[in-house]
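To start, the structure under review is shown below, and the notes come after it.
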Amino acid sequence: MKTHLFLTGFMGAGKSKIGPLLADKFGCPFYDSDSLIEDEAGMTISDIFKEYGEPYFRSIESDIISRLVHYDTCSVIALGGGALINDDSFDQINDKGILIYIKSSPEEIYKRVKDSGKRPLLSGIAERNPEESMLIRIRTLLTERAPVYEKADIIIDRDPLTLEEIVTEIFNKVNECRIN
Ligand code: S3P
């Protein structure tokens, strides 16, 4: 049986909020890959990007994923929004788990990330018209990544739903997946 439940989706989709609630519902542990990366590196993600650049961040990220997929008890794992761009990580995740895409529109993502300041890929936005510039960046990256997100086993259109409804919908769909 596929052991783990992997949550994917763009930055600000709500993976780290939904993950613990889902783990509670399934009675299994929750892991957040970004937090594990920060623990491993002993620094924040913003500092990893600043000091060592994105390729170094991606190498820690893919190492952590290779370890997580081998845990032998069921876990809920929130992935960083860019984790699936590594083909090898995608294949391992696909092999060992059920992949769940938390889908959200660029406008709703913008509302959730605009003040966070902890996402290097969305920082350094032009001073003039920052709202439009950030939305353009979100749209561009989302368009690039959507084809891989859409390969998920389960897709949840989260924008019209409450957190509780999202968790219930995922719970029901995972159970259907496991029966079939
Ligand atoms: C990234 C998403 C972030 C984090 C890093 C890179 C991305 O995680 O892994 O800043 O490439 O989309 P969240 O999706 O949890 O914000």
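Letters A, B, ... go to the chains of the structure tokens in the order shown; residues in each chain start at 1; ligands are counted from 1 in the same order.
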
Next item on the list: Step by step, measure atom-to-atom distances between ligand 1 and each residue using only C-alpha atoms and all ligand atoms, keep those at most 8 Å, then write them as JSON, numbers by chain.
Entry: {"A": [8, 9, 10, 11, 12, 13, 14, 15, 16, 33, 34, 45, 46, 61, 78, 79, 80, 81, 82, 83, 118, 119, 120, 121]}

Notebook entry, point to check: stretch 94-163 of chain A: which residues are helix (DSSP H, G or I) by DSSP, as a VMD selection string?
Noted result: chain A and resid 94 to 96 106 to 113 120 to 122 130 to 149 163

Written selection (N, CA, C and O atoms) as a short mmCIF file (atom, residue, chain, number, x, y, z; two decimals), in the first residue's frame:
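What follows is the written file selection15.cif:
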```cif
data_model
loop_
_atom_site.label_atom_id
_atom_site.label_comp_id
_atom_site.auth_asym_id
_atom_site.auth_seq_id
_atom_site.Cartn_x
_atom_site.Cartn_y
_atom_site.Cartn_z
N ASN A 94 5.75 9.56 -6.04
CA ASN A 94 4.70 8.87 -6.79
C ASN A 94 4.68 7.38 -6.45
O ASN A 94 3.63 6.76 -6.37
N ASP A 95 5.87 6.86 -6.21
CA ASP A 95 6.00 5.44 -5.93
C ASP A 95 5.52 5.10 -4.51
O ASP A 95 4.90 4.07 -4.28
N LYS A 96 5.84 5.99 -3.56
CA LYS A 96 5.62 5.65 -2.15
C LYS A 96 4.39 6.29 -1.52
O LYS A 96 4.07 6.00 -0.37
N PRO A 106 -4.16 32.34 -8.40
CA PRO A 106 -3.10 33.32 -8.12
C PRO A 106 -3.58 34.45 -7.21
O PRO A 106 -2.84 34.90 -6.33
N GLU A 107 -4.83 34.87 -7.38
CA GLU A 107 -5.34 35.99 -6.57
C GLU A 107 -5.45 35.60 -5.09
O GLU A 107 -5.09 36.38 -4.21
N GLU A 108 -5.93 34.38 -4.83
CA GLU A 108 -6.05 33.92 -3.43
C GLU A 108 -4.66 33.65 -2.84
O GLU A 108 -4.42 33.93 -1.67
N ILE A 109 -3.76 33.10 -3.68
CA ILE A 109 -2.39 32.87 -3.21
C ILE A 109 -1.76 34.21 -2.82
O ILE A 109 -1.16 34.35 -1.76
N TYR A 110 -1.95 35.20 -3.69
CA TYR A 110 -1.39 36.52 -3.42
C TYR A 110 -1.83 37.03 -2.04
O TYR A 110 -1.02 37.50 -1.25
N LYS A 111 -3.15 36.90 -1.76
CA LYS A 111 -3.66 37.40 -0.47
C LYS A 111 -2.96 36.71 0.69
O LYS A 111 -2.69 37.32 1.72
N ARG A 112 -2.64 35.42 0.54
CA ARG A 112 -2.04 34.67 1.65
C ARG A 112 -0.54 34.92 1.79
O ARG A 112 -0.02 34.78 2.89
N VAL A 113 0.14 35.24 0.68
CA VAL A 113 1.61 35.36 0.80
C VAL A 113 2.13 36.80 0.85
O VAL A 113 3.28 37.01 1.19
N PRO A 120 11.71 33.42 -0.48
CA PRO A 120 12.70 34.10 -1.32
C PRO A 120 12.28 34.22 -2.78
O PRO A 120 12.64 35.20 -3.44
N LEU A 121 11.52 33.24 -3.29
CA LEU A 121 11.16 33.33 -4.71
C LEU A 121 10.11 34.40 -4.98
O LEU A 121 9.85 34.75 -6.14
N LEU A 122 9.51 34.92 -3.91
CA LEU A 122 8.52 35.99 -4.10
C LEU A 122 9.02 37.30 -3.49
O LEU A 122 8.24 38.22 -3.28
N PRO A 130 3.99 47.00 -6.57
CA PRO A 130 4.40 45.69 -6.04
C PRO A 130 3.30 44.64 -6.14
O PRO A 130 3.58 43.47 -6.37
N GLU A 131 2.03 45.08 -5.98
CA GLU A 131 0.94 44.09 -6.02
C GLU A 131 0.90 43.41 -7.38
O GLU A 131 0.89 42.17 -7.49
N GLU A 132 0.91 44.24 -8.46
CA GLU A 132 0.83 43.69 -9.81
C GLU A 132 2.08 42.85 -10.11
O GLU A 132 1.99 41.77 -10.70
N SER A 133 3.25 43.32 -9.65
CA SER A 133 4.49 42.58 -9.92
C SER A 133 4.47 41.21 -9.23
O SER A 133 4.89 40.21 -9.82
N MET A 134 3.99 41.18 -7.98
CA MET A 134 3.97 39.89 -7.28
C MET A 134 2.96 38.95 -7.92
O MET A 134 3.22 37.76 -8.11
N LEU A 135 1.82 39.51 -8.33
CA LEU A 135 0.81 38.67 -9.00
C LEU A 135 1.35 38.08 -10.31
O LEU A 135 1.14 36.91 -10.61
N ILE A 136 2.11 38.90 -11.04
CA ILE A 136 2.69 38.41 -12.31
C ILE A 136 3.66 37.27 -12.00
O ILE A 136 3.66 36.24 -12.66
N ARG A 137 4.48 37.46 -10.95
CA ARG A 137 5.44 36.41 -10.61
C ARG A 137 4.71 35.12 -10.19
O ARG A 137 5.09 34.03 -10.58
N ILE A 138 3.67 35.27 -9.40
CA ILE A 138 2.90 34.09 -8.97
C ILE A 138 2.30 33.40 -10.19
O ILE A 138 2.40 32.18 -10.35
N ARG A 139 1.69 34.20 -11.09
CA ARG A 139 1.05 33.59 -12.28
C ARG A 139 2.08 32.86 -13.14
O ARG A 139 1.83 31.76 -13.62
N THR A 140 3.25 33.48 -13.33
CA THR A 140 4.27 32.89 -14.20
C THR A 140 4.76 31.55 -13.63
O THR A 140 4.80 30.54 -14.34
N LEU A 141 5.11 31.57 -12.33
CA LEU A 141 5.63 30.33 -11.71
C LEU A 141 4.55 29.25 -11.65
O LEU A 141 4.82 28.07 -11.87
N LEU A 142 3.32 29.69 -11.37
CA LEU A 142 2.23 28.72 -11.28
C LEU A 142 1.97 28.07 -12.65
O LEU A 142 1.75 26.86 -12.73
N THR A 143 2.03 28.87 -13.70
CA THR A 143 1.82 28.32 -15.05
C THR A 143 2.91 27.29 -15.38
O THR A 143 2.64 26.25 -15.95
N GLU A 144 4.15 27.62 -14.96
CA GLU A 144 5.27 26.69 -15.20
C GLU A 144 5.07 25.37 -14.45
O GLU A 144 5.38 24.31 -14.95
N ARG A 145 4.57 25.48 -13.21
CA ARG A 145 4.51 24.30 -12.34
C ARG A 145 3.21 23.52 -12.43
O ARG A 145 3.16 22.35 -12.03
N ALA A 146 2.16 24.17 -12.94
CA ALA A 146 0.84 23.51 -12.95
C ALA A 146 0.87 22.12 -13.57
O ALA A 146 0.25 21.20 -13.04
N PRO A 147 1.61 21.90 -14.70
CA PRO A 147 1.56 20.57 -15.30
C PRO A 147 2.00 19.46 -14.33
O PRO A 147 1.43 18.38 -14.34
N VAL A 148 2.99 19.75 -13.48
CA VAL A 148 3.42 18.70 -12.54
C VAL A 148 2.45 18.59 -11.36
O VAL A 148 2.13 17.49 -10.91
N TYR A 149 1.93 19.72 -10.88
CA TYR A 149 0.94 19.65 -9.79
C TYR A 149 -0.28 18.83 -10.25
O TYR A 149 -0.85 18.06 -9.49
N LEU A 163 -11.27 25.34 6.02
CA LEU A 163 -10.21 24.36 6.34
C LEU A 163 -10.81 23.00 6.70
O LEU A 163 -10.32 21.97 6.28
#
```

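Taking only chain A, the residues that DSSP calls strand (DSSP E or B) from the backbone come to His4, Leu5, Phe6, Leu7, Thr8, Phe30, Tyr31, Asp32, Val76, Ile77, Ala78, Gly97, Ile98, Leu99, Ile100, Tyr101, Ile102, Lys103, Ile154, Ile155, Ile156 and Asp157 of chain A.
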
Next item on the list: Would you kindly return, as a VMD selection string, each protein, DNA or RNA residue with an atom no farther than 10 Å from any atom of A:Phe171, considering only C-alpha atoms and excluding same-chain residues fewer than 4 positions away?
Entry: chain A and resid 22 to 23 25 to 26 165 to 167 175 to 177

Check: Could you pull the residues within 8 Å of A:Ala152, counting only C-alpha atoms, minus those fewer than 6 positions along the same chain, as a ChimeraX atom specification?
Finding: /A:98-101

All heavy atoms of the current selection, written as an mmCIF file, in the first residue's frame:
```
data_model
loop_
_atom_site.group_PDB
_atom_site.id
_atom_site.type_symbol
_atom_site.label_atom_id
_atom_site.label_comp_id
_atom_site.auth_asym_id
_atom_site.auth_seq_id
_atom_site.Cartn_x
_atom_site.Cartn_y
_atom_site.Cartn_z
ATOM 1 N N ILE A 98 0.511 8.862 -1.827
ATOM 2 C CA ILE A 98 -0.603 9.466 -2.567
ATOM 3 C C ILE A 98 -0.300 10.964 -2.615
ATOM 4 O O ILE A 98 -0.029 11.580 -1.574
ATOM 5 C CB ILE A 98 -1.933 9.177 -1.834
ATOM 6 C CG1 ILE A 98 -2.211 7.664 -1.840
ATOM 7 C CG2 ILE A 98 -3.081 9.949 -2.466
ATOM 8 C CD1 ILE A 98 -3.448 7.255 -1.053
ATOM 9 N N LEU A 99 -0.318 11.504 -3.812
ATOM 10 C CA LEU A 99 0.023 12.927 -3.979
ATOM 11 C C LEU A 99 -1.273 13.743 -4.071
ATOM 12 O O LEU A 99 -2.159 13.434 -4.877
ATOM 13 C CB LEU A 99 0.877 13.086 -5.244
ATOM 14 C CG LEU A 99 1.404 14.486 -5.551
ATOM 15 C CD1 LEU A 99 2.310 15.002 -4.425
ATOM 16 C CD2 LEU A 99 2.186 14.492 -6.879
ATOM 17 N N ILE A 100 -1.338 14.771 -3.234
ATOM 18 C CA ILE A 100 -2.555 15.589 -3.138
ATOM 19 C C ILE A 100 -2.202 17.032 -3.486
ATOM 20 O O ILE A 100 -1.339 17.637 -2.833
ATOM 21 C CB ILE A 100 -3.123 15.519 -1.695
ATOM 22 C CG1 ILE A 100 -3.430 14.060 -1.338
ATOM 23 C CG2 ILE A 100 -4.359 16.399 -1.549
ATOM 24 C CD1 ILE A 100 -3.435 13.790 0.153
ATOM 25 N N TYR A 101 -2.850 17.555 -4.506
ATOM 26 C CA TYR A 101 -2.578 18.937 -4.943
ATOM 27 C C TYR A 101 -3.606 19.870 -4.315
ATOM 28 O O TYR A 101 -4.807 19.753 -4.573
ATOM 29 C CB TYR A 101 -2.634 18.992 -6.474
ATOM 30 C CG TYR A 101 -2.562 20.378 -7.106
ATOM 31 C CD1 TYR A 101 -1.957 21.459 -6.467
ATOM 32 C CD2 TYR A 101 -3.082 20.588 -8.384
ATOM 33 C CE1 TYR A 101 -1.883 22.715 -7.063
ATOM 34 C CE2 TYR A 101 -3.012 21.838 -8.996
ATOM 35 C CZ TYR A 101 -2.417 22.896 -8.331
ATOM 36 O OH TYR A 101 -2.357 24.137 -8.928
#
```

Note to self: Which residues are near A:Ile64? Cut-off 9 Å, only C-alpha atoms, ignore same chain within fewer than 4 positions. Put them as number ranges by chain.
What the structure shows: A: 33, 36-37, 40, 59-60, 68-69

Note to self: Rounded to one decimal, what separation in Å do you get between atom CA of A:Glu38 and atom CA of A:Lys151?
What the structure shows: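 Distance between the two atoms: 27.6 Å.
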
Check: Please, what distance in Å, to one decimal, runs between atom CA of A:Ser66 and atom CA of A:Ile18?
Finding: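 Spanning atom CA of A:Ser66 to atom CA of A:Ile18 is a straight-line distance of 22.4 Å.
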
Check: Which residue gives the smallest distance to A:Val174 among A:Asp159, A:Asp153, A:Asp24, A:Asp72, with only C-alpha atoms counted?
Finding: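 Counting only C-alpha atoms, the residue closest to A:Val174 is A:Asp153.
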
Check: Quick one: distance from atom CA of A:Thr3 to atom CA of A:Glu150 in Å, one decimal?
Finding: 20.6 Å

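Distances here use only C-alpha atoms; by that measure, the residue among A:Leu7, A:Met43, A:Ile65, A:Ile154 closest to A:Ile77 is A:Leu7.
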